[in-house]
Amino acid sequence: VKVALRPQVASSSCVGALISENQEELVDLCRTLSGKKLNWGHVSELRMPFWIRSDALLAKVAEEIGQTLFRESREILNCALFFIIAKKRKLLRNLAATDQSISGKKFFSFLNTHDFTTERGRRAAEKNAFSLLRKCKYCAAAAFFLLPDPPFLTAAVETLFSKMEDPDLAFLVSRLMESGDVAENSPGLSRGLGVVGGGGGYATSSGGVSHSVVDGGFFTWFPQLKELSSNLIVDRILPTSLDDSGFVALLLMWLSKPEEARVLLSGVASLQS
């Protein structure tokens, strides 16, 4: 699946969203305007991984995407990646137990028979990931690369960027997997959910974020991207975005270069006036 040519929101809107003091409300508004729960297509079109400042809020969005995918397909391998990066492995295991497909049963058995902190478990996950790569099941392959502790993060990100041609998903994965602000099984949309079923309900009646995320606002924000996420921007995303000054400015903000971003945006504003 190649998604590089999908329509996306204007980069100037992303810059406005990044500097917004009301990002949770923006996410709720995006959900309301779509008229449905967030899915990856919607989140990608809006380029949310590049303008949501809080890793905790972004993790809740990732969990919602996973729930939406499972509700629609009832196949755990279609959504495993999003639960893993949201650090919701307990929920992943619970949902896998309800997947009655052959692949779902195999995945549930795999989760229960391997300790992914051991060398044996790590190699088993890696072997399955490469098998899925050969079958062009890239999202599932990335999920298997991320199962071990520590994960094969570089391989997962490279799969999403090069094979799926999806820089937004690659950045989402690298950000959340490298984040120290998203704890395993931290509170999220899954409280009160248990297992999606009986209509596939969500934790809140509105389908929104169920717990407020502390965010000091843009002017107190200091991006703390780790090495892989920073390198992904510098080496892979930035060179392919040079014809979009607004998006380049957005990327510069993530690289802690606000002055350079400000100069670039000033030039864009002058050209548009």
# chains A, B, ... in the order shown; residues from 1 in each chain; ligands from 1
call {"tool": "residues_around", "arguments": {"residues": "region 43-47 of chain A", "least_positions_apart": "4", "cutoff": "10 Å", "atoms": "only C-alpha atoms", "output": "tab-separated table (two decimals) with all heavy atoms, in the first residue's frame"}}
result
chain	number	residue	atom	x	y	z
A	3	VAL	N	0.88	5.39	0.10
A	3	VAL	CA	-0.02	6.47	0.46
A	3	VAL	C	0.63	7.84	0.30
A	3	VAL	O	0.13	8.83	0.79
A	3	VAL	CB	-0.52	6.31	1.91
A	3	VAL	CG1	-1.39	5.10	2.02
A	3	VAL	CG2	0.66	6.20	2.87
A	6	ARG	N	-1.63	10.78	-1.04
A	6	ARG	CA	-2.93	11.08	-0.44
A	6	ARG	C	-3.05	12.58	-0.19
A	6	ARG	O	-2.06	13.27	0.07
A	6	ARG	CB	-3.11	10.33	0.88
A	6	ARG	CG	-2.13	10.76	1.94
A	6	ARG	CD	-2.18	9.83	3.14
A	6	ARG	NE	-1.22	10.24	4.15
A	6	ARG	CZ	0.08	10.03	4.08
A	6	ARG	NH1	0.57	9.40	3.03
A	6	ARG	NH2	0.89	10.43	5.03
A	7	PRO	N	-4.26	13.13	-0.25
A	7	PRO	CA	-4.43	14.56	0.04
A	7	PRO	C	-4.16	14.86	1.50
A	7	PRO	O	-4.47	14.06	2.38
A	7	PRO	CB	-5.91	14.80	-0.31
A	7	PRO	CG	-6.56	13.46	-0.14
A	7	PRO	CD	-5.53	12.46	-0.57
A	8	GLN	N	-3.56	16.02	1.77
A	8	GLN	CA	-3.26	16.40	3.14
A	8	GLN	C	-3.58	17.85	3.35
A	8	GLN	O	-3.63	18.65	2.42
A	8	GLN	CB	-1.78	16.12	3.47
A	8	GLN	CG	-1.45	14.64	3.50
A	8	GLN	CD	0.01	14.36	3.82
A	8	GLN	OE1	0.89	14.98	3.25
A	8	GLN	NE2	0.26	13.44	4.72
A	9	VAL	N	-3.82	18.21	4.60
A	9	VAL	CA	-4.18	19.58	4.95
A	9	VAL	C	-3.01	20.52	4.67
A	9	VAL	O	-1.85	20.11	4.68
A	9	VAL	CB	-4.59	19.65	6.45
A	9	VAL	CG1	-3.37	19.47	7.33
A	9	VAL	CG2	-5.32	20.94	6.76
A	10	ALA	N	-3.31	21.79	4.39
A	10	ALA	CA	-2.27	22.76	4.09
A	10	ALA	C	-1.31	22.89	5.26
A	10	ALA	O	-1.71	22.87	6.43
A	10	ALA	CB	-2.90	24.11	3.77
A	11	SER	N	-0.03	23.03	4.94
A	11	SER	CA	0.99	23.10	5.99
A	11	SER	C	0.79	24.31	6.88
A	11	SER	O	1.12	24.28	8.07
A	11	SER	CB	2.39	23.13	5.37
A	11	SER	OG	2.50	24.20	4.44
A	13	SER	N	-1.97	25.42	7.98
A	13	SER	CA	-2.93	25.00	9.01
A	13	SER	C	-2.25	24.17	10.08
A	13	SER	O	-2.58	24.26	11.26
A	13	SER	CB	-4.08	24.20	8.37
A	13	SER	OG	-4.79	24.98	7.44
A	14	CYS	N	-1.27	23.35	9.67
A	14	CYS	CA	-0.52	22.55	10.63
A	14	CYS	C	0.29	23.44	11.57
A	14	CYS	O	0.38	23.17	12.77
A	14	CYS	CB	0.40	21.58	9.91
A	14	CYS	SG	-0.44	20.30	8.97
A	17	ALA	N	-2.05	24.87	14.03
A	17	ALA	CA	-2.43	23.87	15.03
A	17	ALA	C	-1.30	23.62	16.02
A	17	ALA	O	-1.55	23.42	17.21
A	17	ALA	CB	-2.82	22.56	14.33
A	27	VAL	N	-8.30	18.43	18.56
A	27	VAL	CA	-8.46	17.01	18.24
A	27	VAL	C	-9.94	16.64	18.30
A	27	VAL	O	-10.45	15.93	17.41
A	27	VAL	CB	-7.64	16.13	19.20
A	27	VAL	CG1	-7.96	14.66	18.99
A	27	VAL	CG2	-6.14	16.37	18.99
A	30	CYS	N	-11.60	17.97	15.20
A	30	CYS	CA	-11.29	17.13	14.03
A	30	CYS	C	-12.18	15.90	14.00
A	30	CYS	O	-12.67	15.49	12.94
A	30	CYS	CB	-9.82	16.72	14.05
A	30	CYS	SG	-8.65	18.07	13.78
A	31	ARG	N	-12.41	15.34	15.15
A	31	ARG	CA	-13.26	14.15	15.25
A	31	ARG	C	-14.71	14.52	14.92
A	31	ARG	O	-15.40	13.80	14.18
A	31	ARG	CB	-13.17	13.58	16.65
A	31	ARG	CG	-13.92	12.27	16.84
A	31	ARG	CD	-13.84	11.80	18.28
A	31	ARG	NE	-12.47	11.49	18.67
A	31	ARG	CZ	-11.73	12.25	19.47
A	31	ARG	NH1	-12.22	13.38	19.94
A	31	ARG	NH2	-10.51	11.88	19.78
A	38	LEU	N	-11.69	8.62	15.02
A	38	LEU	CA	-10.46	8.85	14.27
A	38	LEU	C	-9.92	7.55	13.68
A	38	LEU	O	-9.85	6.53	14.36
A	38	LEU	CB	-9.40	9.48	15.17
A	38	LEU	CG	-9.69	10.90	15.67
A	38	LEU	CD1	-8.62	11.34	16.65
A	38	LEU	CD2	-9.79	11.89	14.51
A	39	ASN	N	-9.54	7.59	12.41
A	39	ASN	CA	-8.84	6.48	11.79
A	39	ASN	C	-7.54	7.01	11.21
A	39	ASN	O	-7.31	8.22	11.17
A	39	ASN	CB	-9.70	5.79	10.73
A	39	ASN	CG	-10.15	6.76	9.64
A	39	ASN	OD1	-9.38	7.58	9.15
A	39	ASN	ND2	-11.41	6.66	9.24
A	51	TRP	N	1.75	18.03	14.43
A	51	TRP	CA	1.34	19.24	15.16
A	51	TRP	C	0.84	18.99	16.58
A	51	TRP	O	0.73	19.93	17.36
A	51	TRP	CB	0.33	20.07	14.37
A	51	TRP	CG	-0.98	19.45	13.97
A	51	TRP	CD1	-1.32	19.00	12.73
A	51	TRP	CD2	-2.17	19.30	14.78
A	51	TRP	NE1	-2.62	18.55	12.72
A	51	TRP	CE2	-3.16	18.73	13.95
A	51	TRP	CE3	-2.49	19.60	16.11
A	51	TRP	CZ2	-4.46	18.45	14.42
A	51	TRP	CZ3	-3.76	19.30	16.58
A	51	TRP	CH2	-4.72	18.73	15.74
A	52	ILE	N	0.57	17.75	16.95
A	52	ILE	CA	0.24	17.48	18.35
A	52	ILE	C	1.53	17.48	19.16
A	52	ILE	O	2.41	16.66	18.94
A	52	ILE	CB	-0.50	16.13	18.49
A	52	ILE	CG1	-1.87	16.21	17.83
A	52	ILE	CG2	-0.64	15.76	19.96
A	52	ILE	CD1	-2.66	14.92	17.89
A	61	VAL	N	-4.53	9.30	20.70
A	61	VAL	CA	-5.00	9.28	19.31
A	61	VAL	C	-4.64	7.95	18.66
A	61	VAL	O	-5.46	7.33	17.96
A	61	VAL	CB	-4.40	10.46	18.52
A	61	VAL	CG1	-4.67	10.30	17.02
A	61	VAL	CG2	-4.97	11.78	19.02
A	62	ALA	N	-3.42	7.47	18.89
A	62	ALA	CA	-2.99	6.18	18.32
A	62	ALA	C	-3.87	5.05	18.84
A	62	ALA	O	-4.26	4.15	18.08
A	62	ALA	CB	-1.52	5.92	18.67
A	65	ILE	N	-7.17	5.12	17.04
A	65	ILE	CA	-7.04	4.56	15.70
A	65	ILE	C	-7.09	3.03	15.75
A	65	ILE	O	-7.76	2.38	14.96
A	65	ILE	CB	-5.72	5.02	15.04
A	65	ILE	CG1	-5.73	6.53	14.82
A	65	ILE	CG2	-5.50	4.30	13.71
A	65	ILE	CD1	-4.38	7.09	14.43
A	166	ASP	N	5.14	6.20	3.85
A	166	ASP	CA	4.27	6.96	4.75
A	166	ASP	C	5.12	7.64	5.82
A	166	ASP	O	5.31	7.11	6.92
A	166	ASP	CB	3.24	6.02	5.39
A	166	ASP	CG	2.09	6.78	6.04
A	166	ASP	OD1	2.30	7.96	6.40
A	166	ASP	OD2	1.00	6.21	6.18
A	167	PRO	N	5.63	8.84	5.54
A	167	PRO	CA	6.46	9.54	6.53
A	167	PRO	C	5.71	9.92	7.79
A	167	PRO	O	6.28	9.96	8.87
A	167	PRO	CB	6.94	10.78	5.77
A	167	PRO	CG	5.96	10.98	4.66
A	167	PRO	CD	5.51	9.60	4.28
A	168	ASP	N	4.41	10.16	7.66
A	168	ASP	CA	3.61	10.53	8.84
A	168	ASP	C	3.53	9.37	9.83
A	168	ASP	O	3.69	9.56	11.04
A	168	ASP	CB	2.20	10.96	8.43
A	168	ASP	CG	2.20	12.20	7.56
A	168	ASP	OD1	2.66	12.09	6.40
A	168	ASP	OD2	1.75	13.27	8.02
A	169	LEU	N	3.30	8.16	9.31
A	169	LEU	CA	3.22	7.00	10.17
A	169	LEU	C	4.59	6.67	10.75
A	169	LEU	O	4.70	6.29	11.93
A	169	LEU	CB	2.67	5.80	9.40
A	169	LEU	CG	2.38	4.53	10.20
A	169	LEU	CD1	1.47	4.81	11.39
A	169	LEU	CD2	1.76	3.45	9.30
A	172	LEU	N	5.13	9.13	13.56
A	172	LEU	CA	4.26	8.77	14.68
A	172	LEU	C	4.89	7.64	15.49
A	172	LEU	O	4.97	7.71	16.73
A	172	LEU	CB	2.88	8.35	14.17
A	172	LEU	CG	1.93	7.74	15.20
A	172	LEU	CD1	1.50	8.78	16.24
A	172	LEU	CD2	0.71	7.12	14.52
call {"tool": "select_by_dssp", "arguments": {"residues": "region 34-137 of chain A", "states": "alpha helix (DSSP H)", "output": "ChimeraX atom specification"}}
result
/A:34,40-45,48-51,55-73,80-85,89-96,102-113,119-134
call {"tool": "residues_around", "arguments": {"residues": "Ile233 (chain A)", "least_positions_apart": "5", "cutoff": "9 Å", "atoms": "only C-alpha atoms", "output": "MDAnalysis selection string"}}
result
chainID A and resid 171 228 238:239 251 254:255
call {"tool": "residues_around", "arguments": {"residues": "Glu126 (chain A)", "least_positions_apart": "5", "cutoff": "8 Å", "atoms": "only C-alpha atoms", "output": "PDB file with N, CA, C and O atoms, in the first residue's frame"}}
result
ATOM      1  N   PHE A 144       5.504  -6.395  14.457  1.00  0.00           N
ATOM      2  CA  PHE A 144       6.364  -7.458  14.971  1.00  0.00           C
ATOM      3  C   PHE A 144       7.759  -6.943  15.284  1.00  0.00           C
ATOM      4  O   PHE A 144       8.388  -7.387  16.251  1.00  0.00           O
ATOM      5  N   PHE A 145       8.248  -5.996  14.498  1.00  0.00           N
ATOM      6  CA  PHE A 145       9.553  -5.396  14.803  1.00  0.00           C
ATOM      7  C   PHE A 145       9.518  -4.670  16.152  1.00  0.00           C
ATOM      8  O   PHE A 145      10.544  -4.556  16.836  1.00  0.00           O
ATOM      9  N   PHE A 152      13.064  -3.481  17.586  1.00  0.00           N
ATOM     10  CA  PHE A 152      13.840  -3.217  16.382  1.00  0.00           C
ATOM     11  C   PHE A 152      13.234  -1.969  15.727  1.00  0.00           C
ATOM     12  O   PHE A 152      12.595  -2.037  14.673  1.00  0.00           O
TER      13      PHE A 152
END
call {"tool": "atom_distance", "arguments": {"atom1": "CA of Phe107 (chain A)", "atom2": "CA of Leu77 (chain A)"}}
result
7.8 Å
call {"tool": "closest_residue", "arguments": {"among": "A:Phe50, A:Thr113, A:Lys106, A:Ala155", "to": "Ala129 (chain A)", "atoms": "only C-alpha atoms"}}
result
A:Ala155
call {"tool": "closest_residue", "arguments": {"among": "A:Met48, A:Ile102, A:Ala142, A:Ile76", "to": "Val15 (chain A)", "atoms": "only C-alpha atoms"}}
result
A:Met48
call {"tool": "atom_distance", "arguments": {"atom1": "CA of Lys135 (chain A)", "atom2": "CA of Ala59 (chain A)"}}
result
28.3 Å
call {"tool": "atom_distance", "arguments": {"atom1": "CA of Asp115 (chain A)", "atom2": "CA of Arg71 (chain A)"}}
result
27.8 Å
call {"tool": "residues_around", "arguments": {"residues": "Pro151 (chain A)", "least_positions_apart": "6", "cutoff": "12 Å", "atoms": "only C-alpha atoms", "output": "JSON, numbers by chain"}}
result
{"A": [84, 85, 116, 117, 118, 119, 121, 122, 123, 125, 126, 129, 142, 143, 144, 145, 157, 173, 174, 177, 178]}
call {"tool": "residues_around", "arguments": {"residues": "Ser54 (chain A)", "least_positions_apart": "4", "cutoff": "10 Å", "atoms": "only C-alpha atoms", "output": "number ranges by chain"}}
result
A: 23-24, 49, 58-59, 181-182, 213-217, 221, 223
call {"tool": "decode", "arguments": {"residues": "region 16-163 of chain A", "atoms": "C-alpha atoms", "output": "PDB file, in the first residue's frame"}}
result
ATOM      1  CA  GLY A  16      -1.454  27.103  13.298  1.00  0.00           C
ATOM      2  CA  ALA A  17      -2.430  23.865  15.030  1.00  0.00           C
ATOM      3  CA  LEU A  18       1.098  23.400  16.421  1.00  0.00           C
ATOM      4  CA  ILE A  19       1.087  26.809  18.114  1.00  0.00           C
ATOM      5  CA  SER A  20      -2.506  26.465  19.343  1.00  0.00           C
ATOM      6  CA  GLU A  21      -3.092  26.658  23.089  1.00  0.00           C
ATOM      7  CA  ASN A  22      -6.109  24.337  22.768  1.00  0.00           C
ATOM      8  CA  GLN A  23      -4.841  21.185  21.139  1.00  0.00           C
ATOM      9  CA  GLU A  24      -7.174  18.762  22.909  1.00  0.00           C
ATOM     10  CA  GLU A  25     -10.121  20.817  21.699  1.00  0.00           C
ATOM     11  CA  LEU A  26      -8.650  20.800  18.189  1.00  0.00           C
ATOM     12  CA  VAL A  27      -8.464  17.010  18.241  1.00  0.00           C
ATOM     13  CA  ASP A  28     -12.083  16.844  19.405  1.00  0.00           C
ATOM     14  CA  LEU A  29     -13.054  19.271  16.634  1.00  0.00           C
ATOM     15  CA  CYS A  30     -11.289  17.133  14.025  1.00  0.00           C
ATOM     16  CA  ARG A  31     -13.263  14.153  15.249  1.00  0.00           C
ATOM     17  CA  THR A  32     -16.535  16.076  15.206  1.00  0.00           C
ATOM     18  CA  LEU A  33     -15.980  17.400  11.681  1.00  0.00           C
ATOM     19  CA  SER A  34     -15.229  13.919  10.391  1.00  0.00           C
ATOM     20  CA  GLY A  35     -18.434  12.610  11.940  1.00  0.00           C
ATOM     21  CA  LYS A  36     -16.737   9.424  13.114  1.00  0.00           C
ATOM     22  CA  LYS A  37     -14.012   8.011  15.303  1.00  0.00           C
ATOM     23  CA  LEU A  38     -10.460   8.853  14.271  1.00  0.00           C
ATOM     24  CA  ASN A  39      -8.837   6.479  11.795  1.00  0.00           C
ATOM     25  CA  TRP A  40      -5.376   6.574  10.289  1.00  0.00           C
ATOM     26  CA  GLY A  41      -6.530   8.005   6.983  1.00  0.00           C
ATOM     27  CA  HIS A  42      -8.125  10.962   8.753  1.00  0.00           C
ATOM     28  CA  VAL A  43      -5.224  11.526  11.166  1.00  0.00           C
ATOM     29  CA  SER A  44      -2.721  11.328   8.317  1.00  0.00           C
ATOM     30  CA  GLU A  45      -4.615  13.773   6.123  1.00  0.00           C
ATOM     31  CA  LEU A  46      -4.593  16.244   9.008  1.00  0.00           C
ATOM     32  CA  ARG A  47      -0.899  15.479   9.683  1.00  0.00           C
ATOM     33  CA  MET A  48      -1.601  15.186  13.412  1.00  0.00           C
ATOM     34  CA  PRO A  49       1.745  13.536  14.313  1.00  0.00           C
ATOM     35  CA  PHE A  50       3.464  16.745  13.226  1.00  0.00           C
ATOM     36  CA  TRP A  51       1.338  19.235  15.161  1.00  0.00           C
ATOM     37  CA  ILE A  52       0.236  17.479  18.348  1.00  0.00           C
ATOM     38  CA  ARG A  53       2.899  18.564  20.839  1.00  0.00           C
ATOM     39  CA  SER A  54       2.070  16.171  23.671  1.00  0.00           C
ATOM     40  CA  ASP A  55       3.243  12.581  23.267  1.00  0.00           C
ATOM     41  CA  ALA A  56       0.583  11.549  25.786  1.00  0.00           C
ATOM     42  CA  LEU A  57      -2.198  13.077  23.682  1.00  0.00           C
ATOM     43  CA  LEU A  58      -0.729  11.569  20.528  1.00  0.00           C
ATOM     44  CA  ALA A  59      -0.679   8.145  22.216  1.00  0.00           C
ATOM     45  CA  LYS A  60      -4.402   8.470  22.968  1.00  0.00           C
ATOM     46  CA  VAL A  61      -5.002   9.277  19.311  1.00  0.00           C
ATOM     47  CA  ALA A  62      -2.991   6.185  18.324  1.00  0.00           C
ATOM     48  CA  GLU A  63      -5.078   4.053  20.679  1.00  0.00           C
ATOM     49  CA  GLU A  64      -8.294   5.406  19.181  1.00  0.00           C
ATOM     50  CA  ILE A  65      -7.041   4.563  15.696  1.00  0.00           C
ATOM     51  CA  GLY A  66      -6.350   1.017  16.863  1.00  0.00           C
ATOM     52  CA  GLN A  67      -9.821   0.693  18.372  1.00  0.00           C
ATOM     53  CA  THR A  68     -11.422   2.028  15.195  1.00  0.00           C
ATOM     54  CA  LEU A  69      -9.502  -0.426  13.027  1.00  0.00           C
ATOM     55  CA  PHE A  70     -10.379  -3.378  15.239  1.00  0.00           C
ATOM     56  CA  ARG A  71     -14.029  -2.393  15.409  1.00  0.00           C
ATOM     57  CA  GLU A  72     -14.175  -2.248  11.617  1.00  0.00           C
ATOM     58  CA  SER A  73     -12.224  -5.381  10.758  1.00  0.00           C
ATOM     59  CA  ARG A  74     -12.178  -7.504  13.945  1.00  0.00           C
ATOM     60  CA  GLU A  75      -8.667  -8.570  12.885  1.00  0.00           C
ATOM     61  CA  ILE A  76      -5.959  -7.779  15.418  1.00  0.00           C
ATOM     62  CA  LEU A  77      -3.044  -7.702  12.958  1.00  0.00           C
ATOM     63  CA  ASN A  78      -4.676  -4.755  11.185  1.00  0.00           C
ATOM     64  CA  CYS A  79      -4.355  -2.606  14.293  1.00  0.00           C
ATOM     65  CA  ALA A  80      -1.609  -4.162  16.458  1.00  0.00           C
ATOM     66  CA  LEU A  81       0.897  -1.464  15.496  1.00  0.00           C
ATOM     67  CA  PHE A  82      -1.228   1.317  16.995  1.00  0.00           C
ATOM     68  CA  PHE A  83      -1.772  -0.449  20.323  1.00  0.00           C
ATOM     69  CA  ILE A  84       1.948  -1.202  20.612  1.00  0.00           C
ATOM     70  CA  ILE A  85       3.032   2.408  20.050  1.00  0.00           C
ATOM     71  CA  ALA A  86       0.302   3.610  22.443  1.00  0.00           C
ATOM     72  CA  LYS A  87       1.849   1.258  25.027  1.00  0.00           C
ATOM     73  CA  LYS A  88      -1.393  -0.699  25.370  1.00  0.00           C
ATOM     74  CA  ARG A  89      -0.089  -4.244  25.223  1.00  0.00           C
ATOM     75  CA  LYS A  90      -2.548  -5.570  27.773  1.00  0.00           C
ATOM     76  CA  LEU A  91      -5.414  -4.275  25.656  1.00  0.00           C
ATOM     77  CA  LEU A  92      -3.716  -5.705  22.564  1.00  0.00           C
ATOM     78  CA  ARG A  93      -3.612  -9.139  24.205  1.00  0.00           C
ATOM     79  CA  ASN A  94      -7.259  -8.895  25.314  1.00  0.00           C
ATOM     80  CA  LEU A  95      -8.421  -7.964  21.829  1.00  0.00           C
ATOM     81  CA  ALA A  96      -6.249 -10.650  20.223  1.00  0.00           C
ATOM     82  CA  ALA A  97      -8.081 -13.203  22.368  1.00  0.00           C
ATOM     83  CA  THR A  98     -11.352 -12.226  20.655  1.00  0.00           C
ATOM     84  CA  ASP A  99     -10.015 -12.480  17.098  1.00  0.00           C
ATOM     85  CA  GLN A 100     -11.278 -15.794  15.753  1.00  0.00           C
ATOM     86  CA  SER A 101      -9.462 -15.587  12.428  1.00  0.00           C
ATOM     87  CA  ILE A 102      -6.593 -17.990  11.793  1.00  0.00           C
ATOM     88  CA  SER A 103      -4.049 -15.182  11.860  1.00  0.00           C
ATOM     89  CA  GLY A 104      -5.611 -13.783  15.018  1.00  0.00           C
ATOM     90  CA  LYS A 105      -5.416 -17.089  16.853  1.00  0.00           C
ATOM     91  CA  LYS A 106      -1.786 -17.527  15.785  1.00  0.00           C
ATOM     92  CA  PHE A 107      -0.936 -14.033  16.961  1.00  0.00           C
ATOM     93  CA  PHE A 108      -2.601 -14.567  20.340  1.00  0.00           C
ATOM     94  CA  SER A 109      -0.697 -17.831  20.778  1.00  0.00           C
ATOM     95  CA  PHE A 110       2.530 -16.084  19.767  1.00  0.00           C
ATOM     96  CA  LEU A 111       2.003 -13.360  22.382  1.00  0.00           C
ATOM     97  CA  ASN A 112       1.395 -15.926  25.103  1.00  0.00           C
ATOM     98  CA  THR A 113       4.273 -18.266  24.312  1.00  0.00           C
ATOM     99  CA  HIS A 114       7.135 -15.779  23.981  1.00  0.00           C
ATOM    100  CA  ASP A 115       8.989 -13.547  26.385  1.00  0.00           C
ATOM    101  CA  PHE A 116      10.039 -10.629  24.221  1.00  0.00           C
ATOM    102  CA  THR A 117      12.722  -9.511  26.640  1.00  0.00           C
ATOM    103  CA  THR A 118      14.729 -12.647  25.896  1.00  0.00           C
ATOM    104  CA  GLU A 119      16.940 -13.252  22.886  1.00  0.00           C
ATOM    105  CA  ARG A 120      14.713 -16.152  21.817  1.00  0.00           C
ATOM    106  CA  GLY A 121      11.594 -14.000  21.919  1.00  0.00           C
ATOM    107  CA  ARG A 122      13.288 -11.121  20.120  1.00  0.00           C
ATOM    108  CA  ARG A 123      14.513 -13.330  17.304  1.00  0.00           C
ATOM    109  CA  ALA A 124      11.116 -15.006  16.937  1.00  0.00           C
ATOM    110  CA  ALA A 125       9.453 -11.608  16.536  1.00  0.00           C
ATOM    111  CA  GLU A 126      12.112 -10.473  14.063  1.00  0.00           C
ATOM    112  CA  LYS A 127      11.717 -13.672  12.023  1.00  0.00           C
ATOM    113  CA  ASN A 128       7.958 -13.133  11.781  1.00  0.00           C
ATOM    114  CA  ALA A 129       8.491  -9.500  10.815  1.00  0.00           C
ATOM    115  CA  PHE A 130      10.700 -10.446   7.870  1.00  0.00           C
ATOM    116  CA  SER A 131       8.197 -13.116   6.828  1.00  0.00           C
ATOM    117  CA  LEU A 132       5.441 -10.480   6.742  1.00  0.00           C
ATOM    118  CA  LEU A 133       7.719  -8.128   4.796  1.00  0.00           C
ATOM    119  CA  ARG A 134       8.086 -10.747   2.076  1.00  0.00           C
ATOM    120  CA  LYS A 135       4.290 -10.928   1.927  1.00  0.00           C
ATOM    121  CA  CYS A 136       4.108  -7.115   1.631  1.00  0.00           C
ATOM    122  CA  LYS A 137       2.178  -6.859   4.905  1.00  0.00           C
ATOM    123  CA  TYR A 138       4.153  -3.847   6.010  1.00  0.00           C
ATOM    124  CA  CYS A 139       2.059  -2.534   8.893  1.00  0.00           C
ATOM    125  CA  ALA A 140       1.914  -5.965  10.526  1.00  0.00           C
ATOM    126  CA  ALA A 141       5.642  -6.423   9.913  1.00  0.00           C
ATOM    127  CA  ALA A 142       6.358  -3.129  11.676  1.00  0.00           C
ATOM    128  CA  ALA A 143       4.257  -4.302  14.624  1.00  0.00           C
ATOM    129  CA  PHE A 144       6.364  -7.458  14.971  1.00  0.00           C
ATOM    130  CA  PHE A 145       9.553  -5.396  14.803  1.00  0.00           C
ATOM    131  CA  LEU A 146       8.213  -3.407  17.769  1.00  0.00           C
ATOM    132  CA  LEU A 147       7.137  -6.339  19.947  1.00  0.00           C
ATOM    133  CA  PRO A 148      10.599  -7.051  21.416  1.00  0.00           C
ATOM    134  CA  ASP A 149      12.047  -5.156  24.359  1.00  0.00           C
ATOM    135  CA  PRO A 150      14.095  -3.344  23.229  1.00  0.00           C
ATOM    136  CA  PRO A 151      12.348  -3.115  19.861  1.00  0.00           C
ATOM    137  CA  PHE A 152      13.840  -3.217  16.382  1.00  0.00           C
ATOM    138  CA  LEU A 153      12.727   0.379  16.007  1.00  0.00           C
ATOM    139  CA  THR A 154      14.954   1.373  13.099  1.00  0.00           C
ATOM    140  CA  ALA A 155      13.704  -1.569  11.048  1.00  0.00           C
ATOM    141  CA  ALA A 156      10.072  -0.704  11.837  1.00  0.00           C
ATOM    142  CA  VAL A 157      10.472   2.957  10.912  1.00  0.00           C
ATOM    143  CA  GLU A 158      12.358   2.114   7.721  1.00  0.00           C
ATOM    144  CA  THR A 159       9.582  -0.283   6.735  1.00  0.00           C
ATOM    145  CA  LEU A 160       6.922   2.386   7.148  1.00  0.00           C
ATOM    146  CA  PHE A 161       8.937   5.108   5.435  1.00  0.00           C
ATOM    147  CA  SER A 162      10.393   3.154   2.522  1.00  0.00           C
ATOM    148  CA  LYS A 163       7.945   0.310   1.925  1.00  0.00           C
TER     149      LYS A 163
END
